$ cat entry_33.json   # JSON, C-alpha atoms and all ligand atoms
[["chain", "number", "residue", "atom", "x", "y", "z"],
["Q", 1164, "MET", "CA", 16.01, 7.72, 4.89],
["Q", 1165, "ALA", "CA", 18.81, 5.32, 5.61],
["Q", 1166, "GLU", "CA", 16.21, 2.84, 6.76],
["Q", 1167, "SER", "CA", 14.36, 2.97, 3.49],
["Q", 1168, "ASP", "CA", 17.55, 2.40, 1.55],
["Q", 1169, "ARG", "CA", 18.33, -0.64, 3.63],
["Q", 1170, "HIS", "CA", 14.89, -2.06, 3.01],
["Q", 1171, "GLU", "CA", 15.09, -1.74, -0.70],
["Q", 1172, "ALA", "CA", 12.13, -3.53, -2.10],
["Q", 1173, "ARG", "CA", 11.29, -5.59, -5.11],
["Q", 1174, "ASP", "CA", 7.88, -4.84, -6.47],
["Q", 1175, "VAL", "CA", 5.79, -6.49, -9.09],
["Q", 1176, "VAL", "CA", 2.34, -5.34, -10.06],
["Q", 1177, "MET", "CA", 0.18, -7.05, -12.60],
["Q", 1178, "ALA", "CA", -3.44, -7.18, -13.54],
["Q", 1179, "LEU", "CA", -4.67, -10.68, -14.21],
["Q", 1180, "PRO", "CA", -8.00, -11.89, -15.52],
["Q", 1181, "VAL", "CA", -9.23, -15.04, -13.86],
["Q", 1182, "ASN", "CA", -8.11, -17.34, -16.64],
["Q", 1183, "GLY", "CA", -4.56, -16.58, -15.61],
["Q", 1184, "ALA", "CA", -3.26, -15.02, -18.80],
["Q", 1185, "PRO", "CA", -1.64, -11.68, -18.02],
["Q", 1186, "ALA", "CA", -3.90, -9.11, -19.64],
["Q", 1187, "SER", "CA", -1.68, -6.14, -19.10],
["Q", 1188, "ALA", "CA", 1.42, -6.92, -17.16],
["Q", 1189, "THR", "CA", 2.78, -3.65, -15.92],
["Q", 1190, "PRO", "CA", 5.81, -3.98, -13.68],
["Q", 1191, "THR", "CA", 6.07, -0.73, -11.82],
["Q", 1192, "SER", "CA", 9.61, -1.04, -10.68],
["Q", 1193, "THR", "CA", 12.62, -1.07, -12.90],
["Q", 1194, "ASN", "CA", 15.26, -1.80, -10.29],
["Q", 1195, "GLY", "CA", 15.17, -5.18, -8.69],
["Q", 1196, "PRO", "CA", 14.71, -8.58, -10.29],
["Q", 1197, "THR", "CA", 11.30, -9.62, -11.50],
["Q", 1198, "SER", "CA", 10.18, -12.88, -12.97],
["Q", 1199, "ASN", "CA", 7.66, -11.12, -15.13],
["Q", 1200, "ALA", "CA", 7.53, -12.16, -18.75],
["Q", 1201, "ALA", "CA", 7.00, -8.56, -19.73],
["Q", 1202, "ASN", "CA", 10.44, -7.87, -18.42],
["Q", 1203, "ALA", "CA", 12.11, -10.46, -20.60],
["Q", 1204, "ASN", "CA", 13.40, -7.81, -22.93],
["Q", 1205, "ALA", "CA", 14.81, -5.77, -20.11],
["Q", 1206, "ASN", "CA", 16.52, -8.82, -18.68],
["Q", 1207, "ALA", "CA", 18.04, -9.60, -22.03],
["Q", 1208, "SER", "CA", 19.79, -6.26, -22.13],
["Q", 1209, "SER", "CA", 23.44, -6.27, -21.25],
["Q", 1210, "ASN", "CA", 24.71, -6.42, -17.71],
["Q", 1211, "ASN", "CA", 26.68, -3.30, -18.37],
["Q", 1212, "LYS", "CA", 23.56, -1.35, -18.99],
["Q", 1213, "ARG", "CA", 22.01, -2.71, -15.84],
["Q", 1214, "ARG", "CA", 25.05, -1.82, -13.83],
["Q", 1215, "LYS", "CA", 24.95, 1.67, -15.23],
["Q", 1216, "ASN", "CA", 21.30, 2.01, -14.34],
["Q", 1217, "ARG", "CA", 21.93, 0.79, -10.85],
["Q", 1218, "ALA", "CA", 24.77, 3.20, -10.38],
["Q", 1219, "ALA", "CA", 22.58, 5.99, -11.66],
["Q", 1220, "SER", "CA", 19.82, 5.16, -9.26],
["Q", 1221, "ARG", "CA", 22.32, 5.07, -6.40],
["Q", 1222, "ARG", "CA", 23.46, 8.53, -7.32],
["Q", 1223, "SER", "CA", 20.00, 9.93, -6.90],
["Q", 1224, "ALA", "CA", 19.60, 9.35, -3.20],
["Q", 1225, "LYS", "CA", 15.96, 8.33, -3.45],
["Q", 1226, "ARG", "CA", 14.96, 5.62, -5.81],
["Q", 1227, "ARG", "CA", 11.75, 5.48, -7.70],
["Q", 1228, "HIS", "CA", 8.99, 3.61, -5.92],
["Q", 1229, "SER", "CA", 5.85, 2.20, -7.39],
["Q", 1230, "MET", "CA", 3.90, 4.20, -4.84],
["Q", 1231, "SER", "CA", 4.68, 7.29, -6.84],
["Q", 1232, "LYS", "CA", 2.70, 5.88, -9.74],
["Q", 1233, "ALA", "CA", -0.99, 5.65, -10.33],
["Q", 1234, "ALA", "CA", -2.97, 2.46, -9.91],
["Q", 1235, "ARG", "CA", -3.13, -0.13, -12.63],
["Q", 1236, "ASP", "CA", -6.28, 1.12, -14.24],
["Q", 1237, "PRO", "CA", -5.20, 3.36, -17.14],
["Q", 1238, "ARG", "CA", -8.13, 5.62, -16.35],
["Q", 1239, "ASP", "CA", -6.41, 6.36, -13.07],
["Q", 1240, "GLU", "CA", -3.43, 7.91, -14.81],
["Q", 1241, "PRO", "CA", -3.17, 11.47, -13.58],
["Q", 1242, "GLU", "CA", -3.66, 14.23, -16.13],
["Q", 1243, "SER", "CA", -0.73, 16.18, -14.78],
["Q", 1244, "LYS", "CA", 2.77, 14.95, -14.13],
["Q", 1245, "ALA", "CA", 2.37, 15.56, -10.41],
["Q", 1246, "THR", "CA", 3.01, 11.93, -9.53],
["Q", 1247, "SER", "CA", 5.95, 11.37, -11.83],
["Q", 1248, "PRO", "CA", 9.17, 10.11, -10.21],
["Q", 1249, "VAL", "CA", 10.17, 12.22, -7.27],
["Q", 1250, "ARG", "CA", 13.38, 14.00, -7.86],
["Q", 1251, "ASP", "CA", 13.68, 16.11, -4.76],
["Q", 1252, "ALA", "CA", 16.31, 13.90, -3.19],
["Q", 1253, "ALA", "CA", 18.74, 16.69, -2.63],
["Q", 1254, "GLY", "CA", 15.93, 19.14, -2.00],
["Q", 1255, "LYS", "CA", 17.10, 21.06, -5.01],
["Q", 1256, "GLU", "CA", 15.06, 19.88, -7.92],
["Q", 1257, "THR", "CA", 11.66, 20.08, -6.29],
["Q", 1258, "THR", "CA", 9.53, 22.27, -8.47],
["Q", 1259, "SER", "CA", 6.07, 21.25, -7.34],
["Q", 1260, "SER", "CA", 4.84, 21.47, -3.77],
["Q", 1261, "ALA", "CA", 2.65, 18.42, -4.45],
["Q", 1262, "VAL", "CA", 5.77, 16.34, -4.83],
["Q", 1263, "ALA", "CA", 7.00, 17.23, -1.37],
["Q", 1264, "THR", "CA", 4.16, 15.35, 0.33],
["Q", 1265, "ARG", "CA", 4.81, 12.15, -1.61],
["Q", 1266, "SER", "CA", 8.05, 11.05, -0.10],
["Q", 1267, "PRO", "CA", 9.30, 7.81, -1.60],
["Q", 1268, "SER", "CA", 10.45, 6.73, 1.84],
["Q", 1269, "PRO", "CA", 8.14, 4.28, 3.58],
["Q", 1270, "CYS", "CA", 7.12, 6.93, 6.13],
["Q", 1271, "ILE", "CA", 7.04, 4.59, 9.05],
["Q", 1272, "ASP", "CA", 6.78, 6.41, 12.29],
["Q", 1273, "PHE", "CA", 5.15, 5.53, 15.53],
["Q", 1274, "ASP", "CA", 2.95, 8.46, 16.44],
["Q", 1275, "GLY", "CA", -0.01, 7.73, 14.22],
["Q", 1276, "LEU", "CA", 1.19, 9.93, 11.40],
["Q", 1277, "SER", "CA", 2.50, 7.26, 9.12],
["Q", 1278, "ARG", "CA", 0.89, 8.97, 6.19],
["Q", 1279, "PRO", "CA", 2.01, 12.48, 5.46],
["Q", 1280, "SER", "CA", -1.45, 13.97, 5.76],
["Q", 1281, "THR", "CA", -1.84, 17.37, 7.34],
["Q", 1282, "GLY", "CA", -5.06, 16.69, 9.26],
["Q", 1283, "THR", "CA", -4.04, 13.40, 10.79],
["Q", 1284, "ARG", "CA", -2.72, 14.73, 14.06],
["Q", 1285, "ALA", "CA", -5.72, 17.03, 14.50],
["Q", 1286, "ARG", "CA", -7.98, 14.03, 14.10],
["Q", 1287, "LEU", "CA", -5.92, 11.97, 16.50],
["Q", 1288, "GLU", "CA", -6.00, 14.55, 19.25],
["Q", 1289, "GLU", "CA", -9.42, 16.15, 18.86],
["Q", 1290, "ASN", "CA", -11.85, 16.47, 21.78],
["Q", 1291, "ASP", "CA", -15.58, 15.70, 21.71],
["Q", 1292, "GLU", "CA", -16.54, 19.18, 20.65],
["Q", 1293, "GLU", "CA", -14.10, 19.17, 17.76],
["Q", 1294, "ARG", "CA", -15.37, 15.76, 16.77],
["Q", 1295, "GLN", "CA", -18.91, 17.11, 16.56],
["Q", 1296, "VAL", "CA", -17.74, 19.98, 14.36],
["Q", 1297, "ARG", "CA", -15.99, 17.48, 12.07],
["Q", 1298, "LEU", "CA", -19.11, 15.30, 11.86],
["Q", 1299, "GLU", "CA", -21.36, 18.26, 11.07],
["Q", 1300, "LYS", "CA", -19.04, 19.34, 8.27],
["Q", 1301, "MET", "CA", -19.09, 15.83, 6.83],
["Q", 1302, "ARG", "CA", -22.89, 15.57, 7.06],
["Q", 1303, "GLY", "CA", -23.17, 18.79, 5.09],
["Q", 1304, "ALA", "CA", -20.83, 17.45, 2.44],
["Q", 1305, "VAL", "CA", -22.77, 14.20, 2.07],
["Q", 1306, "ARG", "CA", -26.01, 16.15, 1.81],
["Q", 1307, "THR", "CA", -24.46, 18.16, -1.01],
["Q", 1308, "ILE", "CA", -23.44, 14.96, -2.77],
["Q", 1309, "LEU", "CA", -26.97, 13.58, -2.47],
["Q", 1310, "GLU", "CA", -28.33, 16.75, -4.06],
["Q", 1311, "CYS", "CA", -25.73, 16.60, -6.81],
["Q", 1312, "VAL", "CA", -26.58, 13.06, -7.84],
["Q", 1313, "GLY", "CA", -30.18, 14.16, -8.28],
["Q", 1314, "GLU", "CA", -31.62, 12.88, -5.02],
["Q", 1315, "ASP", "CA", -33.85, 14.51, -2.47],
["Q", 1316, "PRO", "CA", -31.90, 14.51, 0.79],
["Q", 1317, "ASP", "CA", -35.12, 15.24, 2.67],
["Q", 1318, "ARG", "CA", -37.01, 12.13, 1.64],
["Q", 1319, "ALA", "CA", -37.55, 9.63, 4.41],
["Q", 1320, "GLY", "CA", -35.07, 7.02, 3.25],
["Q", 1321, "LEU", "CA", -32.21, 9.49, 3.07],
["Q", 1322, "LEU", "CA", -32.79, 11.58, 6.18],
["Q", 1323, "GLY", "CA", -30.23, 9.75, 8.27],
["Q", 1324, "THR", "CA", -27.84, 8.99, 5.42],
["Q", 1325, "PRO", "CA", -25.46, 11.95, 5.80],
["Q", 1326, "ASP", "CA", -24.92, 11.07, 9.44],
["Q", 1327, "ARG", "CA", -24.52, 7.37, 8.76],
["Q", 1328, "TYR", "CA", -22.18, 7.87, 5.86],
["Q", 1329, "ALA", "CA", -20.02, 10.35, 7.77],
["Q", 1330, "LYS", "CA", -19.61, 7.90, 10.62],
["Q", 1331, "ALA", "CA", -18.98, 5.00, 8.27],
["Q", 1332, "LEU", "CA", -16.28, 6.95, 6.49],
["Q", 1333, "LEU", "CA", -14.57, 7.79, 9.77],
["Q", 1334, "ASP", "CA", -14.69, 4.11, 10.57],
["Q", 1335, "PHE", "CA", -13.26, 3.09, 7.19],
["Q", 1336, "THR", "CA", -10.35, 5.46, 7.83],
["Q", 1337, "GLN", "CA", -9.84, 4.55, 11.47],
["Q", 1338, "GLY", "CA", -6.24, 3.61, 10.69],
["Q", 1339, "TYR", "CA", -5.26, 7.28, 10.72],
["Q", 1340, "GLN", "CA", -5.74, 7.23, 14.47],
["Q", 1341, "GLN", "CA", -3.61, 4.16, 15.07],
["Q", 1342, "ASN", "CA", 0.11, 3.62, 15.09],
["Q", 1343, "VAL", "CA", 2.34, 0.60, 14.75],
["Q", 1344, "ARG", "CA", 3.77, 0.76, 18.23],
["Q", 1345, "ASN", "CA", 0.38, 0.61, 19.95],
["Q", 1346, "VAL", "CA", -0.90, -2.09, 17.62],
["Q", 1347, "VAL", "CA", 2.08, -4.32, 18.33],
["Q", 1348, "ASN", "CA", 1.98, -3.41, 22.02],
["Q", 1349, "GLU", "CA", 5.29, -5.05, 22.85],
["Q", 1350, "ALA", "CA", 4.12, -8.46, 21.60],
["Q", 1351, "ILE", "CA", 7.63, -9.30, 20.44],
["Q", 1352, "PHE", "CA", 9.14, -12.42, 21.93],
["Q", 1353, "HIS", "CA", 12.74, -13.62, 21.93],
["Q", 1354, "GLU", "CA", 12.22, -17.24, 20.98],
["Q", 1355, "GLY", "CA", 15.42, -17.98, 19.09],
["Q", 1356, "HIS", "CA", 13.17, -19.16, 16.26],
["Q", 1357, "ASN", "CA", 14.66, -18.57, 12.83],
["Q", 1358, "GLU", "CA", 12.30, -20.38, 10.45],
["Q", 1359, "MET", "CA", 9.79, -18.85, 8.10],
["Q", 1360, "VAL", "CA", 6.49, -17.71, 9.60],
["Q", 1361, "ILE", "CA", 3.51, -17.11, 7.30],
["Q", 1362, "VAL", "CA", 0.02, -15.79, 7.91],
["Q", 1363, "LYS", "CA", -1.99, -16.16, 4.75],
["Q", 1364, "ASP", "CA", -5.45, -15.13, 3.51],
["Q", 1365, "ILE", "CA", -5.76, -12.07, 5.73],
["Q", 1366, "GLU", "CA", -8.93, -10.31, 4.59],
["Q", 1367, "VAL", "CA", -8.29, -6.71, 3.69],
["Q", 1368, "PHE", "CA", -10.79, -3.92, 3.07],
["Q", 1369, "SER", "CA", -9.44, -0.59, 1.99],
["Q", 1370, "LEU", "CA", -10.41, 2.55, 0.12],
["Q", 1371, "CYS", "CA", -8.78, 3.48, -3.18],
["Q", 1372, "GLU", "CA", -7.47, 7.00, -2.77],
["Q", 1373, "HIS", "CA", -8.20, 7.93, -6.38],
["Q", 1374, "HIS", "CA", -11.93, 7.23, -6.25],
["Q", 1375, "MET", "CA", -12.68, 6.66, -2.56],
["Q", 1376, "VAL", "CA", -14.39, 3.38, -3.38],
["Q", 1377, "PRO", "CA", -13.38, 0.07, -1.82],
["Q", 1378, "PHE", "CA", -10.87, -2.46, -2.90],
["Q", 1379, "THR", "CA", -10.93, -5.77, -1.12],
["Q", 1380, "GLY", "CA", -8.86, -8.89, -1.17],
["Q", 1381, "LYS", "CA", -6.42, -11.07, 0.64],
["Q", 1382, "MET", "CA", -2.99, -10.39, 1.97],
["Q", 1383, "HIS", "CA", -0.30, -12.95, 2.73],
["Q", 1384, "ILE", "CA", 2.50, -11.99, 5.11],
["Q", 1385, "GLY", "CA", 5.67, -13.96, 5.71],
["Q", 1386, "TYR", "CA", 8.84, -13.24, 7.62],
["Q", 1387, "ILE", "CA", 11.98, -14.98, 8.78],
["Q", 1388, "PRO", "CA", 12.79, -14.01, 12.37],
["Q", 1389, "PHE", "CA", 16.13, -12.89, 13.61],
["Q", 1390, "HIS", "CA", 15.65, -14.61, 16.99],
["Q", 1391, "SER", "CA", 12.54, -12.53, 17.80],
["Q", 1392, "VAL", "CA", 9.00, -13.36, 16.73],
["Q", 1393, "ILE", "CA", 5.93, -11.16, 16.75],
["Q", 1394, "GLY", "CA", 2.57, -12.22, 18.24],
["Q", 1395, "ILE", "CA", 0.89, -13.88, 15.28],
["Q", 1396, "SER", "CA", -2.35, -11.91, 15.61],
["Q", 1397, "LYS", "CA", -0.42, -8.68, 15.24],
["Q", 1398, "LEU", "CA", 0.24, -9.24, 11.54],
["Q", 1399, "PRO", "CA", -3.45, -8.94, 10.56],
["Q", 1400, "ARG", "CA", -3.73, -5.96, 12.91],
["Q", 1401, "ILE", "CA", -0.90, -4.18, 11.12],
["Q", 1402, "ALA", "CA", -2.55, -4.97, 7.77],
["Q", 1403, "GLU", "CA", -5.82, -3.57, 9.07],
["Q", 1404, "MET", "CA", -4.23, -0.41, 10.40],
["Q", 1405, "PHE", "CA", -2.76, 0.48, 7.01],
["Q", 1406, "SER", "CA", -5.78, -0.64, 5.02],
["Q", 1407, "ARG", "CA", -8.08, 1.66, 6.97],
["Q", 1408, "ARG", "CA", -6.61, 4.69, 5.32],
["Q", 1409, "LEU", "CA", -6.93, 6.04, 1.81],
["Q", 1410, "GLN", "CA", -4.58, 3.80, -0.10],
["Q", 1411, "ILE", "CA", -3.37, 2.41, -3.33],
["Q", 1412, "GLN", "CA", -2.67, -1.29, -3.26],
["Q", 1413, "GLU", "CA", 1.01, -0.88, -4.07],
["Q", 1414, "ARG", "CA", 1.60, 1.41, -1.11],
["Q", 1415, "LEU", "CA", -0.53, -0.66, 1.25],
["Q", 1416, "THR", "CA", 1.58, -3.71, 0.45],
["Q", 1417, "LYS", "CA", 4.76, -1.78, 1.01],
["Q", 1418, "ASP", "CA", 3.55, -0.04, 4.19],
["Q", 1419, "VAL", "CA", 2.84, -3.39, 5.83],
["Q", 1420, "ALA", "CA", 6.18, -4.89, 4.82],
["Q", 1421, "ASN", "CA", 8.17, -1.88, 5.94],
["Q", 1422, "ALA", "CA", 6.34, -1.59, 9.25],
["Q", 1423, "ILE", "CA", 7.10, -5.22, 10.12],
["Q", 1424, "MET", "CA", 10.71, -4.80, 9.03],
["Q", 1425, "GLU", "CA", 11.00, -1.70, 11.14],
["Q", 1426, "ILE", "CA", 9.45, -2.91, 14.36],
["Q", 1427, "LEU", "CA", 10.67, -6.53, 14.37],
["Q", 1428, "GLN", "CA", 14.01, -6.29, 12.55],
["Q", 1429, "PRO", "CA", 13.72, -9.80, 11.09],
["Q", 1430, "GLN", "CA", 15.96, -11.34, 8.43],
["Q", 1431, "GLY", "CA", 13.33, -10.55, 5.84],
["Q", 1432, "VAL", "CA", 9.67, -9.81, 5.15],
["Q", 1433, "ALA", "CA", 7.46, -10.69, 2.21],
["Q", 1434, "VAL", "CA", 3.96, -9.38, 1.59],
["Q", 1435, "VAL", "CA", 1.71, -10.34, -1.31],
["Q", 1436, "MET", "CA", -1.75, -8.93, -1.86],
["Q", 1437, "GLU", "CA", -4.42, -9.99, -4.34],
["Q", 1438, "SER", "CA", -7.46, -7.79, -4.63],
["Q", 1439, "SER", "CA", -10.38, -6.57, -6.63],
["Q", 1440, "HIS", "CA", -10.92, -2.84, -7.12],
["Q", 1441, "LEU", "CA", -14.48, -1.57, -7.33],
["Q", 1442, "CYS", "CA", -13.30, 1.46, -9.24],
["Q", 1443, "MET", "CA", -12.19, -0.95, -11.93],
["Q", 1444, "VAL", "CA", -15.02, -3.46, -11.58],
["Q", 1445, "MET", "CA", -17.98, -1.05, -11.43],
["Q", 1446, "ARG", "CA", -16.99, 1.66, -13.87],
["Q", 1447, "GLY", "CA", -16.66, 1.79, -17.63],
["Q", 1448, "VAL", "CA", -15.52, -1.47, -19.17],
["Q", 1449, "GLN", "CA", -16.58, -3.76, -16.39],
["Q", 1450, "LYS", "CA", -13.71, -6.12, -15.88],
["Q", 1451, "THR", "CA", -15.33, -7.95, -13.04],
["Q", 1452, "SER", "CA", -12.90, -10.83, -13.00],
["Q", 1453, "ALA", "CA", -9.69, -8.84, -12.87],
["Q", 1454, "THR", "CA", -7.44, -9.37, -9.90],
["Q", 1455, "THR", "CA", -4.55, -7.09, -9.03],
["Q", 1456, "ILE", "CA", -1.51, -8.65, -7.41],
["Q", 1457, "THR", "CA", 1.18, -6.64, -5.66],
["Q", 1458, "SER", "CA", 4.20, -7.83, -3.74],
["Q", 1459, "CYS", "CA", 6.93, -6.34, -1.63],
["Q", 1460, "VAL", "CA", 9.90, -8.41, -0.48],
["Q", 1461, "LEU", "CA", 12.59, -7.16, 1.85],
["Q", 1462, "GLY", "CA", 15.81, -8.51, 3.33],
["Q", 1463, "CYS", "CA", 16.51, -12.19, 2.67],
["Q", 1464, "PHE", "CA", 13.32, -12.54, 0.62],
["Q", 1465, "GLU", "CA", 14.77, -10.05, -1.80],
["Q", 1466, "SER", "CA", 18.31, -11.41, -1.84],
["Q", 1467, "LYS", "CA", 17.54, -15.15, -1.89],
["Q", 1468, "GLU", "CA", 15.45, -16.43, -4.73],
["Q", 1469, "LYS", "CA", 14.98, -19.80, -3.04],
["Q", 1470, "THR", "CA", 13.48, -18.17, 0.05],
["Q", 1471, "ARG", "CA", 11.23, -16.00, -2.06],
["Q", 1472, "ASN", "CA", 10.02, -18.97, -4.11],
["Q", 1473, "GLU", "CA", 9.35, -21.00, -0.98],
["Q", 1474, "PHE", "CA", 7.16, -18.20, 0.33],
["Q", 1475, "LEU", "CA", 5.34, -17.76, -2.98],
["Q", 1476, "SER", "CA", 4.60, -21.44, -3.33],
["Q", 1477, "LEU", "CA", 3.43, -21.69, 0.29],
["Q", 1478, "VAL", "CA", 0.95, -18.87, -0.20],
["Q", 1479, "GLY", "CA", -0.07, -20.29, -3.56],
["Q", 1480, "VAL", "CA", 0.67, -17.43, -5.91],
["Q", 1481, "ASN", "CA", 3.61, -19.08, -7.64],
["Q", 1482, "ARG", "CA", 2.39, -20.45, -10.94],
["Q", 1483, "HIS", "CA", 5.46, -22.49, -11.88],
["Q", 1501, "ZN", "ZN", -9.61, 3.72, -7.87]]

$ encode --input "entry_33.json" --output "structure tokens" --more "lines below"
Ligand SMILES: [Zn+2]
Amino acid sequence: MAESDRHEARDVVMALPVNGAPASATPTSTNGPTSNAANANANASSNNKRRKNRAASRRSAKRRHSMSKAARDPRDEPESKATSPVRDAAGKETTSSAVATRSPSPCIDFDGLSRPSTGTRARLEENDEERQVRLEKMRGAVRTILECVGEDPDRAGLLGTPDRYAKALLDFTQGYQQNVRNVVNEAIFHEGHNEMVIVKDIEVFSLCEHHMVPFTGKMHIGYIPFHSVIGISKLPRIAEMFSRRLQIQERLTKDVANAIMEILQPQGVAVVMESSHLCMVMRGVQKTSATTITSCVLGCFESKEKTRNEFLSLVGVNRH
């Protein structure tokens, strides 16, 4: 918990059409500076008020994270209030058991259970026989889905589909069986290098946890070492590990930033992700050109505007 407080993040989420004009700017974090125009009013409010707010958020031990909110698509808004700000900091005000599994802490651990999902360990440690049982259960479920969409699961073209889809889905969620420590595999080197390191345009494929359909895009990762550097290929590997789980883009961005902060202990980490969500693009009003941008900046990227701007202009998402 102390770790998550130290790595307090600044998050900005906005949905942009391709022409660049913010269609519906929706900052999902109220604490932390944002350069968003939609926040102009908030910024104009008195410093006193801000100080009060900050003090108030300190008092509640856990601050509100964007990961506790739904994705940008208004149709994704939950019907219930189950994902409203978590208030179980002291363990006293928890009224819903659903809230307990959505800890606002970054949940970085090293045993492959970085998401608080009950079946993760079982999947990690299962033997061949248990794996067969899991596959059979999944095949049955896919067959049911085929029937429900009005198909004939016994026609030639679909005979192997339940098996293929089950295996594909296990592959898409392979990240549940990986952990940060193994991915990094001690590729941390004491180089005395203290300048910004950036890996940009990392291709990311993930599954939206609200619809289980893909969202894909590019992630840019930057950090400023504190003497130690990480093997450069490990940054895309960390991004892949977290993207191969059921995700929302906000949390994926934050997971990657926090994991790097945790394992490397640099001066700061910045992660920006731009992606297109099929659940938004394919359904209803088909906003095929919409791009969702999320960012998470920690350490010196959060505290120093100049550093943050340097990163943003180097990765090409700074429009100034
Ligand atoms: Zn979705």

$ closest_atom_pairs --input "entry_33.json" --of "chain Q" --to "ligand ZN 1501 (chain Q)" --cutoff "6 Å" --atoms "all atoms listed in the file" --output "tab-separated table"
residue	atom	partner	partner_atom	distance
Q:Cys1371	CA	Q:ZN1501	ZN	4.8
Q:His1373	CA	Q:ZN1501	ZN	4.7
Q:His1374	CA	Q:ZN1501	ZN	4.5
Q:Cys1442	CA	Q:ZN1501	ZN	4.5

$ closest_residue --input "entry_33.json" --among "Q:Met1375, Q:Ala1402, Q:Leu1322, Q:Leu1427" --to "Lys1363 in chain Q" --atoms "all atoms listed in the file"
Q:Ala1402

$ atom_distance --input "entry_33.json" --atom1 "CA of Gly1282 in chain Q" --atom2 "CA of Gly1338 in chain Q"
13.2 Å

$ closest_residue --input "entry_33.json" --among "Q:Glu1292, Q:Met1382, Q:Arg1284, Q:Pro1325" --to "Ile1308 in chain Q" --atoms "all atoms listed in the file"
Q:Pro1325

$ closest_residue --input "entry_33.json" --among "Q:Gly1479, Q:Pro1377, Q:Gly1355, Q:Gly1313" --to "Pro1429 in chain Q" --atoms "all atoms listed in the file"
Q:Gly1355

$ residues_around --input "entry_33.json" --residues "His1353 in chain Q" --least-positions-apart "4" --cutoff "8 Å" --atoms "all atoms listed in the file" --output "PyMOL selection string"
chain Q and resi 1390-1392

$ write_last_selection --input "entry_33.json" --atoms "C-alpha atoms" --output "tab-separated table (two decimals), in the frame of the given file"
chain	number	residue	atom	x	y	z
Q	1390	HIS	CA	15.65	-14.61	16.99
Q	1391	SER	CA	12.54	-12.53	17.80
Q	1392	VAL	CA	9.00	-13.36	16.73

$ atom_distance --input "entry_33.json" --atom1 "CA of Arg1400 in chain Q" --atom2 "CA of His1383 in chain Q"
12.8 Å

$ build_atoms --input "entry_33.json" --residues "range 1462-1474 of chain Q" --atoms "N, CA and C atoms" --output "PDB file, in the frame of the given file"
ATOM      1  N   GLY Q1462      14.793  -7.701   2.646  1.00  0.00           N
ATOM      2  CA  GLY Q1462      15.810  -8.510   3.330  1.00  0.00           C
ATOM      3  C   GLY Q1462      16.106  -9.796   2.573  1.00  0.00           C
ATOM      4  N   CYS Q1463      16.115 -10.918   3.295  1.00  0.00           N
ATOM      5  CA  CYS Q1463      16.510 -12.190   2.670  1.00  0.00           C
ATOM      6  C   CYS Q1463      15.511 -12.646   1.609  1.00  0.00           C
ATOM      7  N   PHE Q1464      14.270 -12.171   1.672  1.00  0.00           N
ATOM      8  CA  PHE Q1464      13.320 -12.540   0.620  1.00  0.00           C
ATOM      9  C   PHE Q1464      13.691 -11.865  -0.695  1.00  0.00           C
ATOM     10  N   GLU Q1465      14.348 -10.731  -0.580  1.00  0.00           N
ATOM     11  CA  GLU Q1465      14.770 -10.050  -1.800  1.00  0.00           C
ATOM     12  C   GLU Q1465      16.059 -10.662  -2.326  1.00  0.00           C
ATOM     13  N   SER Q1466      16.988 -10.975  -1.394  1.00  0.00           N
ATOM     14  CA  SER Q1466      18.310 -11.410  -1.840  1.00  0.00           C
ATOM     15  C   SER Q1466      18.360 -12.890  -2.191  1.00  0.00           C
ATOM     16  N   LYS Q1467      17.462 -13.711  -1.615  1.00  0.00           N
ATOM     17  CA  LYS Q1467      17.540 -15.150  -1.890  1.00  0.00           C
ATOM     18  C   LYS Q1467      16.307 -15.637  -2.646  1.00  0.00           C
ATOM     19  N   GLU Q1468      16.549 -16.010  -3.876  1.00  0.00           N
ATOM     20  CA  GLU Q1468      15.450 -16.430  -4.730  1.00  0.00           C
ATOM     21  C   GLU Q1468      14.742 -17.663  -4.172  1.00  0.00           C
ATOM     22  N   LYS Q1469      15.534 -18.557  -3.587  1.00  0.00           N
ATOM     23  CA  LYS Q1469      14.980 -19.800  -3.040  1.00  0.00           C
ATOM     24  C   LYS Q1469      13.978 -19.489  -1.921  1.00  0.00           C
ATOM     25  N   THR Q1470      14.354 -18.574  -1.049  1.00  0.00           N
ATOM     26  CA  THR Q1470      13.480 -18.170   0.050  1.00  0.00           C
ATOM     27  C   THR Q1470      12.196 -17.543  -0.480  1.00  0.00           C
ATOM     28  N   ARG Q1471      12.379 -16.693  -1.463  1.00  0.00           N
ATOM     29  CA  ARG Q1471      11.230 -16.000  -2.060  1.00  0.00           C
ATOM     30  C   ARG Q1471      10.276 -17.020  -2.696  1.00  0.00           C
ATOM     31  N   ASN Q1472      10.850 -17.966  -3.436  1.00  0.00           N
ATOM     32  CA  ASN Q1472      10.020 -18.970  -4.110  1.00  0.00           C
ATOM     33  C   ASN Q1472       9.307 -19.871  -3.105  1.00  0.00           C
ATOM     34  N   GLU Q1473       9.991 -20.171  -2.016  1.00  0.00           N
ATOM     35  CA  GLU Q1473       9.350 -21.000  -0.980  1.00  0.00           C
ATOM     36  C   GLU Q1473       8.121 -20.273  -0.439  1.00  0.00           C
ATOM     37  N   PHE Q1474       8.289 -18.997  -0.167  1.00  0.00           N
ATOM     38  CA  PHE Q1474       7.160 -18.200   0.330  1.00  0.00           C
ATOM     39  C   PHE Q1474       6.021 -18.184  -0.686  1.00  0.00           C
TER      40      PHE Q1474
END
